[in-house]
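Source file: target-v6.pdb; contents: PDB, C-alpha atoms, pLDDT in the B column.
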ATOM      1  CA  VAL B   1       0.000   0.000   0.000  1.00 81.00           C
ATOM      2  CA  ALA B   2       2.826   2.421   0.813  1.00 87.00           C
ATOM      3  CA  PHE B   3       4.462   1.829  -2.587  1.00 86.00           C
ATOM      4  CA  HIS B   4       1.116   2.344  -4.351  1.00 88.00           C
ATOM      5  CA  ASP B   5       0.464   5.571  -2.450  1.00 89.00           C
ATOM      6  CA  ALA B   6       3.991   6.835  -3.139  1.00 94.00           C
ATOM      7  CA  PHE B   7       3.696   6.045  -6.857  1.00 96.00           C
ATOM      8  CA  TYR B   8       0.371   7.832  -7.265  1.00 95.00           C
ATOM      9  CA  GLY B   9       1.547  10.747  -5.135  1.00 96.00           C
ATOM     10  CA  GLU B  10       4.546  11.178  -7.430  1.00 97.00           C
ATOM     11  CA  LEU B  11       2.414  10.715 -10.546  1.00 97.00           C
ATOM     12  CA  LYS B  12       0.055  13.440  -9.352  1.00 98.00           C
ATOM     13  CA  ARG B  13       2.998  15.760  -8.681  1.00 98.00           C
ATOM     14  CA  VAL B  14       4.515  15.155 -12.129  1.00 98.00           C
ATOM     15  CA  LEU B  15       1.212  15.500 -13.972  1.00 98.00           C
ATOM     16  CA  SER B  16       0.340  18.656 -12.012  1.00 98.00           C
ATOM     17  CA  ASP B  17       3.642  20.134 -13.199  1.00 98.00           C
ATOM     18  CA  VAL B  18       2.865  19.130 -16.793  1.00 97.00           C
ATOM     19  CA  GLU B  19      -0.615  20.623 -16.457  1.00 97.00           C
ATOM     20  CA  LYS B  20       0.805  23.917 -15.153  1.00 97.00           C
ATOM     21  CA  ARG B  21       3.346  24.083 -17.965  1.00 96.00           C
ATOM     22  CA  TYR B  22       1.176  23.001 -20.918  1.00 95.00           C
ATOM     23  CA  GLY B  23      -2.449  23.283 -19.790  1.00 95.00           C
ATOM     24  CA  LYS B  24      -3.526  19.869 -21.093  1.00 96.00           C
ATOM     25  CA  PHE B  25      -1.792  16.546 -21.543  1.00 97.00           C
ATOM     26  CA  VAL B  26      -2.144  13.017 -22.869  1.00 98.00           C
ATOM     27  CA  LEU B  27      -0.800  10.047 -20.945  1.00 97.00           C
ATOM     28  CA  VAL B  28      -0.414   6.928 -23.082  1.00 97.00           C
ATOM     29  CA  ASP B  29      -0.626   3.933 -20.731  1.00 96.00           C
ATOM     30  CA  VAL B  30       1.007   1.077 -22.681  1.00 96.00           C
ATOM     31  CA  HIS B  31       0.538  -2.618 -21.954  1.00 95.00           C
ATOM     32  CA  SER B  32       0.624  -5.878 -23.894  1.00 94.00           C
ATOM     33  CA  TYR B  33      -1.570  -8.935 -23.812  1.00 91.00           C
ATOM     34  CA  ASN B  34      -1.341 -12.625 -24.617  1.00 89.00           C
ATOM     35  CA  HIS B  35      -3.348 -14.021 -27.504  1.00 90.00           C
ATOM     36  CA  ARG B  36      -2.017 -17.587 -27.509  1.00 86.00           C
ATOM     37  CA  ARG B  37      -3.223 -18.456 -24.015  1.00 87.00           C
ATOM     38  CA  GLU B  38      -4.074 -22.093 -24.702  1.00 87.00           C
ATOM     39  CA  GLY B  39      -0.453 -23.084 -25.259  1.00 87.00           C
ATOM     40  CA  PRO B  40       2.491 -22.641 -27.619  1.00 85.00           C
ATOM     41  CA  LYS B  41       0.971 -24.906 -30.298  1.00 86.00           C
ATOM     42  CA  ALA B  42      -2.632 -23.732 -29.884  1.00 86.00           C
ATOM     43  CA  ALA B  43      -4.397 -21.384 -32.244  1.00 86.00           C
ATOM     44  CA  ALA B  44      -4.270 -17.704 -31.443  1.00 87.00           C
ATOM     45  CA  ALA B  45      -7.380 -15.964 -30.158  1.00 87.00           C
ATOM     46  CA  PRO B  46      -9.689 -15.015 -33.041  1.00 80.00           C
ATOM     47  CA  GLN B  47      -8.977 -11.594 -34.534  1.00 85.00           C
ATOM     48  CA  ASP B  48     -12.537 -10.411 -33.872  1.00 88.00           C
ATOM     49  CA  VAL B  49     -11.877 -10.535 -30.111  1.00 88.00           C
ATOM     50  CA  ALA B  50      -8.147  -9.789 -30.181  1.00 91.00           C
ATOM     51  CA  PRO B  51      -7.200  -6.715 -32.224  1.00 97.00           C
ATOM     52  CA  ASP B  52      -3.516  -6.002 -32.836  1.00 96.00           C
ATOM     53  CA  ILE B  53      -3.907  -2.820 -30.803  1.00 97.00           C
ATOM     54  CA  ASN B  54      -6.770  -2.319 -28.374  1.00 96.00           C
ATOM     55  CA  ILE B  55      -7.490   1.209 -27.164  1.00 96.00           C
ATOM     56  CA  GLY B  56      -9.274   1.405 -23.803  1.00 94.00           C
ATOM     57  CA  THR B  57     -11.361   4.497 -23.085  1.00 95.00           C
ATOM     58  CA  PHE B  58     -13.729   3.345 -20.316  1.00 92.00           C
ATOM     59  CA  SER B  59     -12.754   5.825 -17.595  1.00 92.00           C
ATOM     60  CA  MET B  60     -12.594   8.972 -19.726  1.00 94.00           C
ATOM     61  CA  ASP B  61     -15.239  11.443 -20.805  1.00 94.00           C
ATOM     62  CA  ARG B  62     -15.182  10.058 -24.360  1.00 94.00           C
ATOM     63  CA  THR B  63     -17.147  12.973 -25.824  1.00 95.00           C
ATOM     64  CA  ARG B  64     -14.793  15.544 -24.318  1.00 95.00           C
ATOM     65  CA  TRP B  65     -11.686  13.740 -25.548  1.00 96.00           C
ATOM     66  CA  ALA B  66     -13.095  12.579 -28.913  1.00 96.00           C
ATOM     67  CA  PRO B  67     -10.827  14.815 -31.026  1.00 96.00           C
ATOM     68  CA  VAL B  68      -7.742  13.460 -29.257  1.00 97.00           C
ATOM     69  CA  VAL B  69      -8.731   9.783 -29.164  1.00 97.00           C
ATOM     70  CA  ASP B  70     -10.125   9.768 -32.700  1.00 97.00           C
ATOM     71  CA  ALA B  71      -6.935  11.348 -34.080  1.00 97.00           C
ATOM     72  CA  PHE B  72      -4.866   8.785 -32.163  1.00 98.00           C
ATOM     73  CA  LEU B  73      -6.940   5.882 -33.513  1.00 98.00           C
ATOM     74  CA  GLU B  74      -6.876   7.115 -37.101  1.00 98.00           C
ATOM     75  CA  THR B  75      -3.130   7.692 -37.051  1.00 98.00           C
ATOM     76  CA  LEU B  76      -2.465   4.174 -35.817  1.00 98.00           C
ATOM     77  CA  ARG B  77      -4.941   2.725 -38.328  1.00 98.00           C
ATOM     78  CA  GLY B  78      -2.988   4.356 -41.138  1.00 97.00           C
ATOM     79  CA  HIS B  79      -0.088   1.950 -40.581  1.00 97.00           C
ATOM     80  CA  ARG B  80       0.613  -1.527 -41.900  1.00 96.00           C
ATOM     81  CA  PHE B  81       2.120  -4.482 -40.070  1.00 95.00           C
ATOM     82  CA  HIS B  82       3.568  -7.420 -41.997  1.00 91.00           C
ATOM     83  CA  GLY B  83       1.974  -5.970 -45.142  1.00 93.00           C
ATOM     84  CA  ASP B  84      -1.566  -5.740 -43.773  1.00 94.00           C
ATOM     85  CA  PRO B  85      -3.405  -2.799 -42.218  1.00 96.00           C
ATOM     86  CA  ILE B  86      -2.881  -2.886 -38.460  1.00 97.00           C
ATOM     87  CA  ASP B  87      -6.088  -3.794 -36.618  1.00 97.00           C
ATOM     88  CA  VAL B  88      -6.754  -1.013 -34.104  1.00 98.00           C
ATOM     89  CA  ARG B  89     -10.063  -1.024 -32.249  1.00 96.00           C
ATOM     90  CA  GLU B  90     -11.556   0.479 -29.136  1.00 95.00           C
ATOM     91  CA  ASN B  91     -12.748  -1.369 -26.022  1.00 89.00           C
ATOM     92  CA  VAL B  92     -12.707  -4.870 -27.530  1.00 88.00           C
ATOM     93  CA  SER B  93     -10.414  -7.097 -25.465  1.00 81.00           C
ATOM     94  CA  PHE B  94      -9.766  -4.484 -22.768  1.00 85.00           C
ATOM     95  CA  GLN B  95     -11.727  -1.376 -21.892  1.00 82.00           C
ATOM     96  CA  GLY B  96      -9.187   0.792 -20.098  1.00 78.00           C
ATOM     97  CA  LYS B  97     -10.476   0.117 -16.594  1.00 76.00           C
ATOM     98  CA  GLY B  98      -7.022   0.159 -15.015  1.00 82.00           C
ATOM     99  CA  GLU B  99      -6.063   2.255 -12.022  1.00 88.00           C
ATOM    100  CA  GLN B 100      -3.669   4.605 -13.813  1.00 93.00           C
ATOM    101  CA  THR B 101      -6.187   5.806 -16.408  1.00 95.00           C
ATOM    102  CA  ARG B 102      -8.896   6.055 -13.739  1.00 95.00           C
ATOM    103  CA  PHE B 103      -6.521   8.085 -11.549  1.00 97.00           C
ATOM    104  CA  VAL B 104      -5.725  10.551 -14.344  1.00 97.00           C
ATOM    105  CA  HIS B 105      -9.374  11.092 -15.239  1.00 96.00           C
ATOM    106  CA  ALA B 106     -10.402  11.448 -11.581  1.00 96.00           C
ATOM    107  CA  ASN B 107      -7.647  13.948 -10.779  1.00 97.00           C
ATOM    108  CA  PHE B 108      -7.414  15.837 -14.085  1.00 97.00           C
ATOM    109  CA  PRO B 109     -10.915  15.540 -15.603  1.00 95.00           C
ATOM    110  CA  GLU B 110     -10.668  18.727 -17.676  1.00 94.00           C
ATOM    111  CA  THR B 111      -6.998  18.612 -18.618  1.00 96.00           C
ATOM    112  CA  GLY B 112      -5.745  15.008 -18.633  1.00 97.00           C
ATOM    113  CA  CYS B 113      -6.505  12.398 -21.269  1.00 97.00           C
ATOM    114  CA  ALA B 114      -5.174   8.940 -20.377  1.00 97.00           C
ATOM    115  CA  ILE B 115      -5.391   6.423 -23.201  1.00 97.00           C
ATOM    116  CA  ALA B 116      -4.901   2.748 -22.349  1.00 96.00           C
ATOM    117  CA  VAL B 117      -3.074   0.999 -25.195  1.00 97.00           C
ATOM    118  CA  GLU B 118      -2.894  -2.800 -25.237  1.00 96.00           C
ATOM    119  CA  PHE B 119      -0.572  -4.307 -27.840  1.00 97.00           C
ATOM    120  CA  LYS B 120      -1.297  -7.908 -28.720  1.00 95.00           C
ATOM    121  CA  LYS B 121       1.996  -9.791 -28.403  1.00 95.00           C
ATOM    122  CA  ILE B 122       2.554  -9.844 -32.160  1.00 94.00           C
ATOM    123  CA  PHE B 123       6.056  -8.591 -31.394  1.00 96.00           C
ATOM    124  CA  MET B 124       7.269 -11.725 -29.606  1.00 94.00           C
ATOM    125  CA  ASP B 125       6.744 -15.387 -28.919  1.00 92.00           C
ATOM    126  CA  GLU B 126       4.698 -15.084 -25.751  1.00 92.00           C
ATOM    127  CA  TRP B 127       5.613 -18.612 -24.630  1.00 92.00           C
ATOM    128  CA  SER B 128       9.395 -18.470 -25.031  1.00 93.00           C
ATOM    129  CA  GLY B 129       9.736 -14.741 -24.423  1.00 94.00           C
ATOM    130  CA  GLU B 130      11.763 -14.377 -27.640  1.00 96.00           C
ATOM    131  CA  PRO B 131      11.356 -10.818 -28.990  1.00 97.00           C
ATOM    132  CA  ASP B 132      10.965  -9.917 -32.651  1.00 97.00           C
ATOM    133  CA  TRP B 133      13.088  -6.776 -32.628  1.00 98.00           C
ATOM    134  CA  ALA B 134      11.979  -5.644 -36.095  1.00 97.00           C
ATOM    135  CA  ALA B 135       8.320  -5.912 -35.050  1.00 97.00           C
ATOM    136  CA  ILE B 136       9.046  -4.021 -31.835  1.00 97.00           C
ATOM    137  CA  GLU B 137      10.665  -1.231 -33.842  1.00 97.00           C
ATOM    138  CA  ARG B 138       7.697  -1.037 -36.245  1.00 97.00           C
ATOM    139  CA  LEU B 139       5.237  -0.790 -33.359  1.00 97.00           C
ATOM    140  CA  ARG B 140       7.436   1.784 -31.608  1.00 97.00           C
ATOM    141  CA  ALA B 141       7.493   3.882 -34.782  1.00 97.00           C
ATOM    142  CA  MET B 142       3.701   3.621 -35.069  1.00 97.00           C
ATOM    143  CA  LEU B 143       3.274   4.873 -31.529  1.00 97.00           C
ATOM    144  CA  ALA B 144       5.834   7.647 -32.062  1.00 98.00           C
ATOM    145  CA  SER B 145       3.920   8.802 -35.152  1.00 98.00           C
ATOM    146  CA  THR B 146       0.991   9.724 -32.904  1.00 98.00           C
ATOM    147  CA  VAL B 147       2.921  12.334 -30.902  1.00 98.00           C
ATOM    148  CA  PRO B 148       2.558  15.285 -33.323  1.00 97.00           C
ATOM    149  CA  VAL B 149      -1.060  14.291 -33.966  1.00 97.00           C
ATOM    150  CA  LEU B 150      -1.821  14.255 -30.234  1.00 97.00           C
ATOM    151  CA  GLU B 151      -0.097  17.622 -29.782  1.00 96.00           C
ATOM    152  CA  ALA B 152      -2.186  19.123 -32.594  1.00 96.00           C
ATOM    153  CA  ALA B 153      -5.396  17.607 -31.210  1.00 96.00           C
ATOM    154  CA  LEU B 154      -4.708  19.082 -27.773  1.00 94.00           C
ATOM    155  CA  ARG B 155      -4.270  22.492 -29.410  1.00 90.00           C
ATOM    156  CA  GLY B 156      -7.546  22.007 -31.273  1.00 87.00           C
ATOM    157  CA  LYS B 157      -5.895  21.805 -34.689  1.00 67.00           C
ATOM    158  CA  THR B 158      -7.195  18.467 -35.932  1.00 55.00           C
TER     159      THR B 158
END

Can you dump the structure from the file as structure tokens?
Amino acid sequence: VAFHDAFYGELKRVLSDVEKRYGKFVLVDVHSYNHRREGPKAAAAPQDVAPDINIGTFSMDRTRWAPVVDAFLETLRGHRFHGDPIDVRENVSFQGKGEQTRFVHANFPETGCAIAVEFKKIFMDEWSGEPDWAAIERLRAMLASTVPVLEAALRGKT
């Protein structure tokens, strides 16, 4: 409990400083999830329930943050992965109900947009732990491409 309280106390301090400096902010809360849960030889979870990238928006005022989230989604959807359009959907396998996004929206409801991003483990063998460094770099570049779009959306220039 002490570690949890210390973490969220520090997060609030840092985000308050960001808020004072810039007015508004986006926190991208990145996670990954398993899609081959039945074993290393089993079929992957069906694509309809396991998008490549799942964006969770449960705890936010979705209407308020629509310009930011929609720009984020569309930018990611403009990319390809292994030759195919990357599958980016909202609130499919995860809804963004985690503590960090809830904390941001509870403490910074007018100025903080926390977007939960769940990457399906298409960048590694989730059973052996072996990374696919090229895939990791492609996904990193996709995420990095959203930064100027998010900045513009926060300024109302989307």

Exercise for the section: Name the residues that the PyMOL selection byres ((chain B and resi 75-86) around 8) pulls out of this structure, and write them as a ChimeraX atom specification. Expected result: /B:52-53,71-74,87-88,138,142-143,145-146,149

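Taking CA of Ala50 (chain B) and CA of Ile136 (chain B) as endpoints, the distance between them is 18.2 Å.
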
Problem - Length of the CA of Leu154 (chain B) to CA of Phe25 (chain B) vector [Å] - result: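 We find that CA of Leu154 (chain B) and CA of Phe25 (chain B) lie 7.3 Å from each other.
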
Exercise for the section: Enter the distance from CA of Pro109 (chain B) to CA of Tyr33 (chain B), in Å, rounded to one decimal. Expected result: 27.5 Å

Go through the shown structure with the PyMOL selection byres ((chain B and resi 6-20) around 12) and write out the matching residues as a PDB file with C-alpha atoms, in the frame of the given file.
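What landed in out19.pdb:
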ATOM      1  CA  VAL B   1       0.000   0.000   0.000  1.00 81.00           C
ATOM      2  CA  ALA B   2       2.826   2.421   0.813  1.00 87.00           C
ATOM      3  CA  PHE B   3       4.462   1.829  -2.587  1.00 86.00           C
ATOM      4  CA  HIS B   4       1.116   2.344  -4.351  1.00 88.00           C
ATOM      5  CA  ASP B   5       0.464   5.571  -2.450  1.00 89.00           C
ATOM      6  CA  ARG B  21       3.346  24.083 -17.965  1.00 96.00           C
ATOM      7  CA  TYR B  22       1.176  23.001 -20.918  1.00 95.00           C
ATOM      8  CA  GLY B  23      -2.449  23.283 -19.790  1.00 95.00           C
ATOM      9  CA  LYS B  24      -3.526  19.869 -21.093  1.00 96.00           C
ATOM     10  CA  PHE B  25      -1.792  16.546 -21.543  1.00 97.00           C
ATOM     11  CA  VAL B  26      -2.144  13.017 -22.869  1.00 98.00           C
ATOM     12  CA  LEU B  27      -0.800  10.047 -20.945  1.00 97.00           C
ATOM     13  CA  GLU B  99      -6.063   2.255 -12.022  1.00 88.00           C
ATOM     14  CA  GLN B 100      -3.669   4.605 -13.813  1.00 93.00           C
ATOM     15  CA  THR B 101      -6.187   5.806 -16.408  1.00 95.00           C
ATOM     16  CA  ARG B 102      -8.896   6.055 -13.739  1.00 95.00           C
ATOM     17  CA  PHE B 103      -6.521   8.085 -11.549  1.00 97.00           C
ATOM     18  CA  VAL B 104      -5.725  10.551 -14.344  1.00 97.00           C
ATOM     19  CA  HIS B 105      -9.374  11.092 -15.239  1.00 96.00           C
ATOM     20  CA  ALA B 106     -10.402  11.448 -11.581  1.00 96.00           C
ATOM     21  CA  ASN B 107      -7.647  13.948 -10.779  1.00 97.00           C
ATOM     22  CA  PHE B 108      -7.414  15.837 -14.085  1.00 97.00           C
ATOM     23  CA  PRO B 109     -10.915  15.540 -15.603  1.00 95.00           C
ATOM     24  CA  GLU B 110     -10.668  18.727 -17.676  1.00 94.00           C
ATOM     25  CA  THR B 111      -6.998  18.612 -18.618  1.00 96.00           C
ATOM     26  CA  GLY B 112      -5.745  15.008 -18.633  1.00 97.00           C
ATOM     27  CA  CYS B 113      -6.505  12.398 -21.269  1.00 97.00           C
ATOM     28  CA  ALA B 114      -5.174   8.940 -20.377  1.00 97.00           C
TER      29      ALA B 114
END

Axis-aligned box over every listed atom of region 55-67 of chain B, padded by 6 Å per side: centre and edges in Å to one decimal, as JSON?
{"center_x": -12.3, "center_y": 8.4, "center_z": -24.3, "size_x": 21.7, "size_y": 26.3, "size_z": 25.4}

Problem - Selected residue, from B:Ile55, B:Glu126, B:Gln95, B:Arg155, that lies nearest to Glu38 (chain B) when counting only C-alpha atoms - result: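 Selected residue with least distance to Glu38 (chain B): B:Glu126.
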
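Here the PyMOL selection byres ((chain B and resi 34) around 8) matches the residues Ser32, Tyr33, His35, Arg36, Arg37, Lys120, Lys121 and Glu126 of chain B.
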
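Restricting the calculation to only C-alpha atoms, the smallest distance between Val68 (chain B) and any of B:Gly98, B:Ala45, B:Val28, B:Glu118 is found for B:Val28.
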
Problem - Counting all atoms listed in the file, the residue of B:Ile115, B:Ser128, B:Asn54, B:Ala134 that sits nearest Ala66 (chain B) - result: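 The shortest atom-to-atom distance to Ala66 (chain B) comes from B:Ile115.
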
Practice task
Would you mind telling me which residue in B:Leu150, B:Ser93, B:Trp127, B:Gly156 lies nearest to Thr57 (chain B) when using all atoms listed in the file?
Solution key: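 Using all atoms listed in the file, the shortest distance to Thr57 (chain B) belongs to B:Ser93.
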
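Distances here use all atoms listed in the file; by that measure, the residue among B:Gln47, B:Arg89, B:Val30, B:Lys97 closest to Arg140 (chain B) is B:Val30.
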